[in-house]
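input_34.cif, holding mmCIF, C-alpha atoms:
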data_start
#
loop_
_atom_site.label_atom_id
_atom_site.label_comp_id
_atom_site.auth_asym_id
_atom_site.auth_seq_id
_atom_site.Cartn_x
_atom_site.Cartn_y
_atom_site.Cartn_z
CA MET A 25 -3.66 -61.03 -12.62
CA SER A 26 0.03 -60.77 -11.68
CA ASN A 27 0.30 -58.43 -14.63
CA PHE A 28 -2.25 -56.12 -13.05
CA PHE A 29 -0.43 -56.09 -9.72
CA SER A 30 2.89 -55.09 -11.21
CA TYR A 31 1.17 -52.16 -12.91
CA ARG A 32 -0.98 -51.30 -9.90
CA ILE A 33 0.72 -48.00 -9.05
CA GLN A 34 0.59 -46.94 -12.69
CA VAL A 35 -3.13 -47.58 -12.84
CA VAL A 36 -3.65 -45.56 -9.68
CA ALA A 37 -1.47 -42.73 -11.02
CA VAL A 38 -3.30 -42.65 -14.36
CA ILE A 39 -6.67 -42.51 -12.61
CA ALA A 40 -5.37 -39.74 -10.34
CA VAL A 41 -4.15 -37.70 -13.31
CA LEU A 42 -7.48 -38.18 -15.11
CA ILE A 43 -9.37 -36.98 -12.04
CA PHE A 44 -6.97 -34.05 -11.87
CA PHE A 45 -7.76 -33.17 -15.50
CA GLY A 46 -11.45 -33.42 -14.68
CA VAL A 47 -11.12 -31.01 -11.77
CA ILE A 48 -9.15 -28.52 -13.88
CA ALA A 49 -11.70 -28.72 -16.72
CA ARG A 50 -14.55 -28.21 -14.26
CA LEU A 51 -12.88 -25.18 -12.69
CA VAL A 52 -12.32 -23.62 -16.11
CA THR A 53 -15.85 -24.27 -17.38
CA ARG A 54 -17.32 -22.82 -14.19
CA GLY A 55 -15.22 -19.72 -14.64
CA ARG A 56 -13.29 -20.22 -11.41
CA LEU A 57 -9.94 -20.75 -13.12
CA ARG A 58 -8.71 -18.71 -16.04
CA THR A 59 -7.66 -20.62 -19.14
CA GLU A 60 -4.11 -19.26 -19.05
CA TYR A 61 -3.54 -20.82 -15.61
CA SER A 62 -5.14 -24.08 -16.64
CA PHE A 63 -2.37 -24.47 -19.24
CA VAL A 64 0.26 -24.78 -16.52
CA TRP A 65 -1.72 -27.45 -14.72
CA ILE A 66 -2.62 -29.38 -17.87
CA LEU A 67 1.05 -29.41 -18.88
CA MET A 68 2.00 -30.67 -15.42
CA GLY A 69 -0.65 -33.39 -15.73
CA ILE A 70 0.62 -34.47 -19.15
CA LEU A 71 4.15 -34.65 -17.79
CA PHE A 72 2.92 -36.82 -14.97
CA LEU A 73 1.03 -39.03 -17.39
CA VAL A 74 4.15 -39.53 -19.54
CA LEU A 75 6.22 -40.44 -16.49
CA THR A 76 3.55 -42.91 -15.39
CA VAL A 77 2.93 -44.67 -18.67
CA TRP A 78 6.50 -44.68 -19.94
CA ARG A 79 8.34 -45.71 -16.82
CA ARG A 80 11.76 -45.93 -18.42
CA SER A 81 11.63 -42.25 -19.39
CA LEU A 82 12.64 -41.20 -15.90
CA ASP A 83 15.65 -43.52 -15.86
CA LEU A 84 16.68 -42.31 -19.30
CA MET A 85 16.46 -38.70 -18.21
CA ALA A 86 18.32 -39.38 -14.96
CA HIS A 87 21.02 -41.11 -16.95
CA PHE A 88 21.17 -38.19 -19.37
CA PHE A 89 21.57 -35.61 -16.58
CA GLY A 90 23.96 -37.87 -14.66
CA VAL A 91 21.61 -38.20 -11.69
CA TYR A 92 22.33 -41.35 -9.67
CA TYR A 93 19.00 -41.64 -7.86
CA ALA A 94 16.30 -41.13 -10.49
CA PRO A 95 13.36 -40.07 -8.25
CA SER A 96 15.38 -37.12 -6.96
CA LEU A 97 15.14 -35.75 -10.48
CA ILE A 98 11.35 -35.62 -10.12
CA PHE A 99 11.60 -33.79 -6.79
CA MET A 100 14.12 -31.35 -8.12
CA PHE A 101 12.15 -30.68 -11.27
CA PHE A 102 8.80 -30.18 -9.56
CA PHE A 103 10.30 -28.16 -6.76
CA PHE A 104 11.85 -25.86 -9.31
CA MET A 105 8.62 -25.55 -11.34
CA ILE A 106 6.47 -24.84 -8.30
CA PHE A 107 8.96 -22.30 -7.05
CA ILE A 108 8.90 -20.38 -10.32
CA PHE A 109 5.14 -20.58 -10.49
CA LEU A 110 4.80 -19.20 -6.96
CA ILE A 111 7.02 -16.25 -7.80
CA HIS A 112 4.87 -15.66 -10.84
CA LEU A 113 1.73 -15.70 -8.67
CA SER A 114 3.26 -13.20 -6.22
CA VAL A 115 3.93 -10.90 -9.16
CA VAL A 116 0.36 -11.30 -10.40
CA SER A 117 -1.00 -10.68 -6.92
CA SER A 118 1.10 -7.52 -6.56
CA LYS A 119 -0.21 -6.27 -9.88
CA HIS A 120 -3.79 -6.92 -8.79
CA HIS A 121 -3.12 -5.04 -5.56
CA GLU A 122 -2.08 -1.96 -7.54
CA GLN A 123 -5.02 -2.26 -9.91
CA ILE A 124 -7.56 -2.62 -7.12
CA LYS A 125 -6.08 0.37 -5.32
CA LYS A 126 -6.28 2.51 -8.44
CA LEU A 127 -9.83 1.42 -9.23
CA SER A 128 -11.01 2.05 -5.70
CA GLN A 129 -9.42 5.51 -5.64
CA GLU A 130 -11.03 6.48 -8.93
CA ASN A 131 -14.31 5.03 -7.75
CA ALA A 132 -14.22 7.15 -4.60
CA LEU A 133 -13.49 10.29 -6.63
CA LEU A 134 -16.36 9.53 -9.01
CA LYS A 135 -18.80 8.84 -6.19
CA GLU A 136 -18.00 12.22 -4.68
CA LYS A 137 -18.37 13.97 -8.05
CA LEU A 138 -21.72 12.29 -8.64
CA TYR A 139 -22.91 13.28 -5.18
CA ARG A 140 -21.93 16.90 -5.81
CA GLU A 141 -23.66 16.99 -9.22
CA LYS A 142 -26.81 15.56 -7.69
CA ASN A 143 -26.82 18.20 -4.96
CA LYS A 144 -26.36 20.93 -7.56
CA GLU A 145 -29.36 19.63 -9.51
CA GLY A 146 -31.42 19.55 -6.35
CA GLU A 147 -30.65 23.20 -5.62
CA SER A 148 -31.44 24.57 -9.09
CA MET B 162 3.86 30.58 -6.13
CA GLU B 163 3.98 34.30 -5.58
CA LYS B 164 3.37 35.85 -2.24
CA GLY B 165 0.17 37.64 -1.38
CA THR B 166 -2.25 35.53 -3.43
CA PHE B 167 -5.16 33.61 -1.97
CA ARG B 168 -4.41 29.90 -1.52
CA LYS B 169 -6.78 26.96 -1.51
CA VAL B 170 -5.79 24.54 1.23
CA LEU B 171 -7.15 21.00 1.40
CA VAL B 172 -6.91 19.27 4.76
CA ILE B 173 -6.91 15.53 4.16
CA VAL B 174 -8.18 13.48 7.10
CA PRO B 175 -7.85 9.72 6.58
CA CYS B 176 -10.34 7.92 8.85
CA PHE B 177 -10.41 4.27 9.71
CA ASN B 178 -12.81 3.58 12.58
CA GLU B 179 -12.57 7.08 14.00
CA ALA B 180 -16.25 7.63 14.77
CA GLU B 181 -15.39 8.95 18.26
CA SER B 182 -13.02 11.67 17.12
CA VAL B 183 -14.23 12.90 13.71
CA ALA B 184 -16.98 15.14 15.06
CA SER B 185 -14.73 17.22 17.30
CA LEU B 186 -12.02 17.29 14.64
CA TYR B 187 -14.55 18.56 12.10
CA THR B 188 -15.69 21.36 14.40
CA GLU B 189 -12.09 22.37 15.09
CA LEU B 190 -11.11 22.30 11.42
CA ALA B 191 -14.20 24.24 10.37
CA ALA B 192 -13.30 26.98 12.85
CA ILE B 193 -9.72 27.34 11.60
CA GLY B 194 -8.84 30.57 9.90
CA VAL B 195 -5.42 31.13 8.34
CA PRO B 196 -4.81 34.55 6.75
CA GLY B 197 -4.56 34.34 2.96
CA CYS B 198 -5.95 30.81 2.83
CA SER B 199 -9.28 29.07 2.45
CA VAL B 200 -9.16 25.84 4.39
CA THR B 201 -11.33 22.91 3.23
CA PRO B 202 -11.39 19.74 5.32
CA LEU B 203 -11.80 16.50 3.37
CA PHE B 204 -12.47 13.35 5.35
CA ILE B 205 -11.70 10.03 3.69
CA ASN B 206 -13.47 7.03 5.12
CA ASP B 207 -11.23 4.01 4.50
CA ALA B 208 -13.99 1.39 4.64
CA SER B 209 -14.48 1.79 8.39
CA THR B 210 -16.43 -0.93 10.14
CA ASP B 211 -17.84 1.44 12.74
CA SER B 212 -20.19 4.39 12.25
CA THR B 213 -17.54 6.79 10.86
CA LEU B 214 -19.37 7.18 7.55
CA ARG B 215 -22.70 7.88 9.25
CA VAL B 216 -21.10 10.49 11.50
CA LEU B 217 -19.52 12.20 8.47
CA ARG B 218 -22.88 12.29 6.68
CA THR B 219 -24.63 13.73 9.71
CA LEU B 220 -21.97 16.42 10.07
CA GLY B 221 -22.37 17.41 6.43
CA ALA B 222 -18.61 17.25 6.00
CA SER B 223 -16.96 16.82 2.60
CA TYR B 224 -15.87 13.26 2.41
CA LEU B 225 -14.67 10.51 0.12
CA ASP B 226 -15.66 6.92 0.75
CA ASN B 227 -13.40 3.99 -0.16
CA SER B 228 -15.30 0.91 -1.28
CA VAL B 229 -12.52 -1.33 -0.01
CA ASN B 230 -9.93 -0.75 2.70
CA LEU B 231 -6.87 0.79 1.05
CA GLY B 232 -4.73 1.41 4.11
CA ILE B 233 -3.29 4.75 5.13
CA GLY B 234 -1.07 5.12 2.04
CA GLY B 235 -3.73 4.60 -0.63
CA THR B 236 -6.17 6.75 1.34
CA VAL B 237 -3.86 9.73 1.71
CA GLN B 238 -2.84 9.38 -1.94
CA LEU B 239 -6.52 9.59 -2.85
CA GLY B 240 -6.59 12.91 -1.02
CA PHE B 241 -3.68 14.14 -3.17
CA MET B 242 -5.58 13.06 -6.30
CA TYR B 243 -8.60 15.04 -5.13
CA ALA B 244 -6.43 18.08 -4.41
CA LEU B 245 -4.88 17.89 -7.88
CA GLN B 246 -8.21 17.44 -9.70
CA ASN B 247 -9.92 20.24 -7.80
CA GLY B 248 -7.20 22.84 -8.16
CA PHE B 249 -5.92 23.09 -4.59
CA ASP B 250 -2.59 24.86 -3.96
CA ILE B 251 -1.72 23.11 -0.71
CA ALA B 252 -2.58 19.71 0.75
CA VAL B 253 -2.23 18.96 4.45
CA GLN B 254 -2.46 15.56 6.04
CA VAL B 255 -4.05 15.38 9.49
CA ASP B 256 -4.65 12.07 11.22
CA GLY B 257 -8.27 11.29 12.06
CA ASP B 258 -7.53 10.15 15.60
CA GLY B 259 -7.06 13.67 16.92
CA GLN B 260 -3.30 13.43 17.48
CA HIS B 261 -2.70 16.42 15.25
CA PRO B 262 -4.34 19.54 16.67
CA PRO B 263 -5.74 21.83 13.94
CA SER B 264 -4.66 24.81 16.05
CA GLU B 265 -1.10 24.05 14.93
CA LEU B 266 -2.02 24.09 11.23
CA HIS B 267 -0.71 27.60 10.56
CA LYS B 268 2.80 26.47 11.54
CA LEU B 269 2.72 23.95 8.70
CA LEU B 270 1.35 26.46 6.20
CA GLU B 271 3.60 29.45 6.79
CA PRO B 272 6.81 28.00 5.24
CA LEU B 273 4.82 27.03 2.13
CA LEU B 274 3.18 30.45 1.86
CA ASP B 275 6.59 32.12 2.15
CA ASN B 276 7.95 29.64 -0.42
CA ARG B 277 10.66 28.47 1.95
CA ALA B 278 9.82 24.78 1.43
CA ASP B 279 7.81 22.37 -0.72
CA VAL B 280 7.04 19.96 2.10
CA VAL B 281 6.66 20.80 5.79
CA ILE B 282 6.78 18.10 8.44
CA GLY B 283 5.28 18.77 11.84
CA SER B 284 7.70 17.40 14.40
CA ARG B 285 7.33 16.28 17.99
CA PHE B 286 11.04 16.22 18.59
CA ILE B 287 12.49 19.64 17.95
CA HIS B 288 11.25 21.03 21.25
CA ASN B 289 10.30 18.85 24.16
CA THR B 290 6.68 19.85 24.30
CA GLY B 291 3.51 17.83 24.27
CA PHE B 292 3.10 14.13 23.74
CA ARG B 293 6.26 12.34 22.63
CA SER B 294 5.36 8.64 22.16
CA THR B 295 7.13 5.59 23.56
CA GLY B 296 10.83 4.75 23.90
CA LEU B 297 10.70 1.77 21.52
CA ARG B 298 9.06 3.82 18.85
CA ARG B 299 11.57 6.62 19.30
CA ALA B 300 14.44 4.14 18.85
CA GLY B 301 12.88 2.97 15.58
CA ILE B 302 12.45 6.52 14.41
CA ARG B 303 16.15 7.18 15.09
CA VAL B 304 17.06 4.39 12.66
CA PHE B 305 15.01 6.11 9.95
CA VAL B 306 16.63 9.45 10.71
CA TRP B 307 20.02 7.86 10.22
CA LEU B 308 18.97 6.05 7.04
CA ASN B 309 17.39 9.19 5.66
CA ARG B 310 20.50 11.24 6.31
CA LEU B 311 22.70 8.57 4.74
CA LEU B 312 20.66 8.41 1.53
CA THR B 313 19.41 11.93 1.04
CA GLY B 314 21.49 14.13 3.33
CA ASN B 315 18.31 15.43 4.96
CA VAL B 316 17.98 15.52 8.70
CA ILE B 317 14.33 14.95 9.53
CA ASN B 318 14.00 14.03 13.19
CA ASP B 319 10.37 12.96 13.20
CA SER B 320 10.25 10.94 10.01
CA THR B 321 7.13 9.00 11.03
CA SER B 322 5.09 12.11 11.69
CA GLY B 323 1.96 12.16 9.54
CA TYR B 324 1.24 15.82 10.21
CA ARG B 325 2.53 17.31 6.96
CA SER B 326 1.78 19.91 4.36
CA TYR B 327 2.68 19.83 0.68
CA ASN B 328 2.55 22.44 -2.05
CA ARG B 329 1.12 21.56 -5.45
CA LYS B 330 4.49 20.59 -6.89
CA ALA B 331 5.01 18.12 -4.04
CA PHE B 332 1.60 16.46 -3.93
CA SER B 333 1.57 16.17 -7.73
CA GLU B 334 4.57 13.86 -7.35
CA LEU B 335 2.80 11.83 -4.67
CA VAL B 336 -0.18 11.22 -6.93
CA HIS B 337 2.18 9.08 -9.02
CA TYR B 338 3.82 7.29 -6.16
CA TYR B 339 2.93 6.88 -2.51
CA PRO B 340 3.67 3.78 -0.41
CA ASP B 341 0.74 1.70 0.86
CA GLU B 342 1.62 0.88 4.43
CA TYR B 343 3.60 3.05 6.85
CA PRO B 344 4.27 5.56 4.07
CA GLU B 345 5.78 8.43 6.04
CA PRO B 346 9.54 7.65 6.25
CA GLU B 347 9.66 6.32 2.70
CA ALA B 348 7.82 9.29 1.24
CA LEU B 349 10.53 11.57 2.65
CA VAL B 350 13.22 9.72 0.68
CA TYR B 351 11.05 9.81 -2.45
CA LEU B 352 10.42 13.54 -2.12
CA ALA B 353 14.08 14.26 -1.47
CA ASN B 354 15.00 12.27 -4.57
CA LYS B 355 12.59 14.47 -6.51
CA ARG B 356 14.67 17.44 -5.30
CA LEU B 357 11.87 18.97 -3.25
CA ARG B 358 12.71 21.16 -0.27
CA LEU B 359 11.78 19.52 3.02
CA LEU B 360 11.43 21.47 6.24
CA GLU B 361 10.70 20.27 9.73
CA VAL B 362 8.87 22.57 12.13
CA PRO B 363 8.04 21.95 15.80
CA VAL B 364 4.36 21.33 16.53
CA LEU B 365 2.47 20.26 19.60
CA MET B 366 0.88 16.85 19.41
CA THR B 367 -1.63 15.34 21.77
CA GLU B 368 -2.36 11.80 22.79
CA ARG B 369 -4.83 10.03 20.51
CA ARG B 370 -8.47 10.47 21.48
CA GLY B 371 -9.82 7.30 19.96
CA GLY B 372 -8.75 4.37 17.81
CA SER B 373 -5.42 2.59 18.13
CA SER B 374 -2.02 3.19 16.57
CA SER B 375 -1.35 1.42 13.31
CA ILE B 376 1.98 0.36 14.82
CA ARG B 377 1.58 -2.23 17.58
CA SER B 378 4.57 -3.78 19.29
CA LEU B 379 4.09 -7.20 17.71
CA TRP B 380 4.27 -5.64 14.27
CA SER B 381 7.08 -3.24 14.97
CA VAL B 382 9.78 -5.64 13.75
CA TYR B 383 7.89 -6.20 10.51
CA TYR B 384 7.32 -2.47 10.27
CA MET B 385 11.02 -1.67 10.66
CA ALA B 386 12.09 -4.33 8.16
CA LYS B 387 9.51 -3.38 5.58
CA VAL B 388 10.11 0.34 5.71
CA THR B 389 13.89 -0.10 5.66
CA LEU B 390 13.69 -2.45 2.68
CA ASN B 391 11.27 -0.13 0.88
CA ILE B 392 13.55 2.84 1.39
CA LEU B 393 16.54 0.91 0.05
CA PHE B 394 14.60 -0.35 -2.99
CA LEU B 395 13.23 3.10 -3.62
CA HIS B 396 16.70 4.60 -3.49
CA ALA B 397 18.07 1.94 -5.84
CA ARG B 398 15.26 2.60 -8.34
CA ARG B 399 16.09 6.31 -8.40
CA GLN B 400 19.08 5.87 -10.75
#
Would you encode the structure as structure tokens?
Amino acid sequence: MSNFFSYRIQVVAVIAVLIFFGVIARLVTRGRLRTEYSFVWILMGILFLVLTVWRRSLDLMAHFFGVYYAPSLIFMFFFFMIFIFLIHLSVVSSKHHEQIKKLSQENALLKEKLYREKNKEGES
Amino acid sequence: MEKGTFRKVLVIVPCFNEAESVASLYTELAAIGVPGCSVTPLFINDASTDSTLRVLRTLGASYLDNSVNLGIGGTVQLGFMYALQNGFDIAVQVDGDGQHPPSELHKLLEPLLDNRADVVIGSRFIHNTGFRSTGLRRAGIRVFVWLNRLLTGNVINDSTSGYRSYNRKAFSELVHYYPDEYPEPEALVYLANKRLRLLEVPVLMTERRGGSSSIRSLWSVYYMAKVTLNILFLHARRQ
């Protein structure tokens, strides 16, 4: 029983990551998340899982990078990743903005053309 | 363009919730006669939430209808696309809120017909006539004048004026690039970088009949920052 208590947080973390995987899988299968984005989140989940199961990995990495307080490595790493991902999303969103604009403009031109053709047919 | 030929002029009227003013604007535009030109008004409904579209249909006006709201930039650019596809020689932008009286249209067309300019900007500021907008807005406009002169050497006093005419060479460029929001000052820098001849002529403007300005005081700081940044980025991209 004491064994369980010392691993309590790990158990919670593993369950949380598994639920997270479940949510991602559900979003992808329902078509609400594109597969290419799910990669990022699955990779993040795997990273989390490794850190949870192999607790010494964080200390080893902190030692390797010369970081005194190991958890700060996690914060730094995830902050950095999220930051890059957000920039990526802004770029994607800007691209979509341009594409929607172009589509809507062409759509408006086609609607007008169609309307004119129809009127011509009606007259003849 | 040689002088003396008949020119097809498209008057682009972007409309966002302008149901109150489109009818009178349509009547005025339909009555306009400029020697040597055939003037066609084209209303563009930018996904209005009021009855603008219904009014346009009832009037029997030529119109385009955006499925989603594109903002003033995308809407006016759509007008340039239409002008290019349908073989127009000149495109004029007239705001749908009635600030730009059609009776002044000939002043914008003459320099293009005489081939003295590629782009003509109708200005409130050259002579002190008519409606001249607020002090805060004028201060902002002065910043753009300064920025414009610094980057392009052009002195355009009313760089936010949307009452403009373009010849085919000019609007063909704008089909490729036109800013989304608050496009007017930035477009001037773009056009100058494309080595087009800009000319400012005095026109009379009236107070808006309906709708509200796209520039409210709360947004004016954002507006200034965005347009300034856009102009600087645009100028940097030129090289």
Might you spell out which residues the PyMOL selection byres ((chain B) within 10 of (chain A)) would select in the displayed file, as a PyMOL selection string? chain B and resi 205-206+223-232+235-236+238-240+242-243+246+341
Determine the residue set returned by the PyMOL selection byres ((chain A and resi 63-65) around 12) for the present structure, and present it as a ChimeraX atom specification. /A:41,44-49,51-52,57-62,66-72,105-106,108-110,112
Have a look at CA of Tyr139 in chain A and CA of Val237 in chain B and let me know their distance in Å, one decimal. 20.6 Å
Using the chain letters and numbers from the file, give me the residues hit by the PyMOL selection byres ((chain B and resi 329) around 9), as a list in words.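 Output of the PyMOL selection byres ((chain B and resi 329) around 9): Ala244, Leu245, Gly248, Phe249, Asp250, Ile251, Ala252, Asp279, Tyr327, Asn328, Lys330, Ala331, Phe332, Ser333 and Glu334 of chain B.
Look at everything within 9 Å of (0.6, 20.1, 17.3) using all atoms listed in the file, and the residues you get are Gln260, His261, Pro262, Pro263, Ser264, Glu265, Leu266, Lys268, Gly283, Ser284, Arg285, Gly291, Tyr324, Pro363, Val364, Leu365, Met366 and Thr367 of chain B.
Using all atoms listed in the file, the shortest contact distance between Val306 in chain B and any of B:Pro346, B:Pro340, B:Pro202, B:Pro272 is found at B:Pro346.
Note that the spacing between CA of Ile317 in chain B and CA of Val362 in chain B amounts to 9.7 Å.
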Work out how far apart CA of Lys387 in chain B and CA of Val253 in chain B are and give it in Å to one decimal.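 Distance reported for this atom pair: 25.3 Å.
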Skip range 349-361 of chain B itself and residues of its chain fewer than 4 positions away, then list as a ChimeraX atom specification all residues within 8 Å of it, counting only C-alpha atoms. /B:277-284,309,312-313,315,317-318,320,331,334,345,392,395-396,399
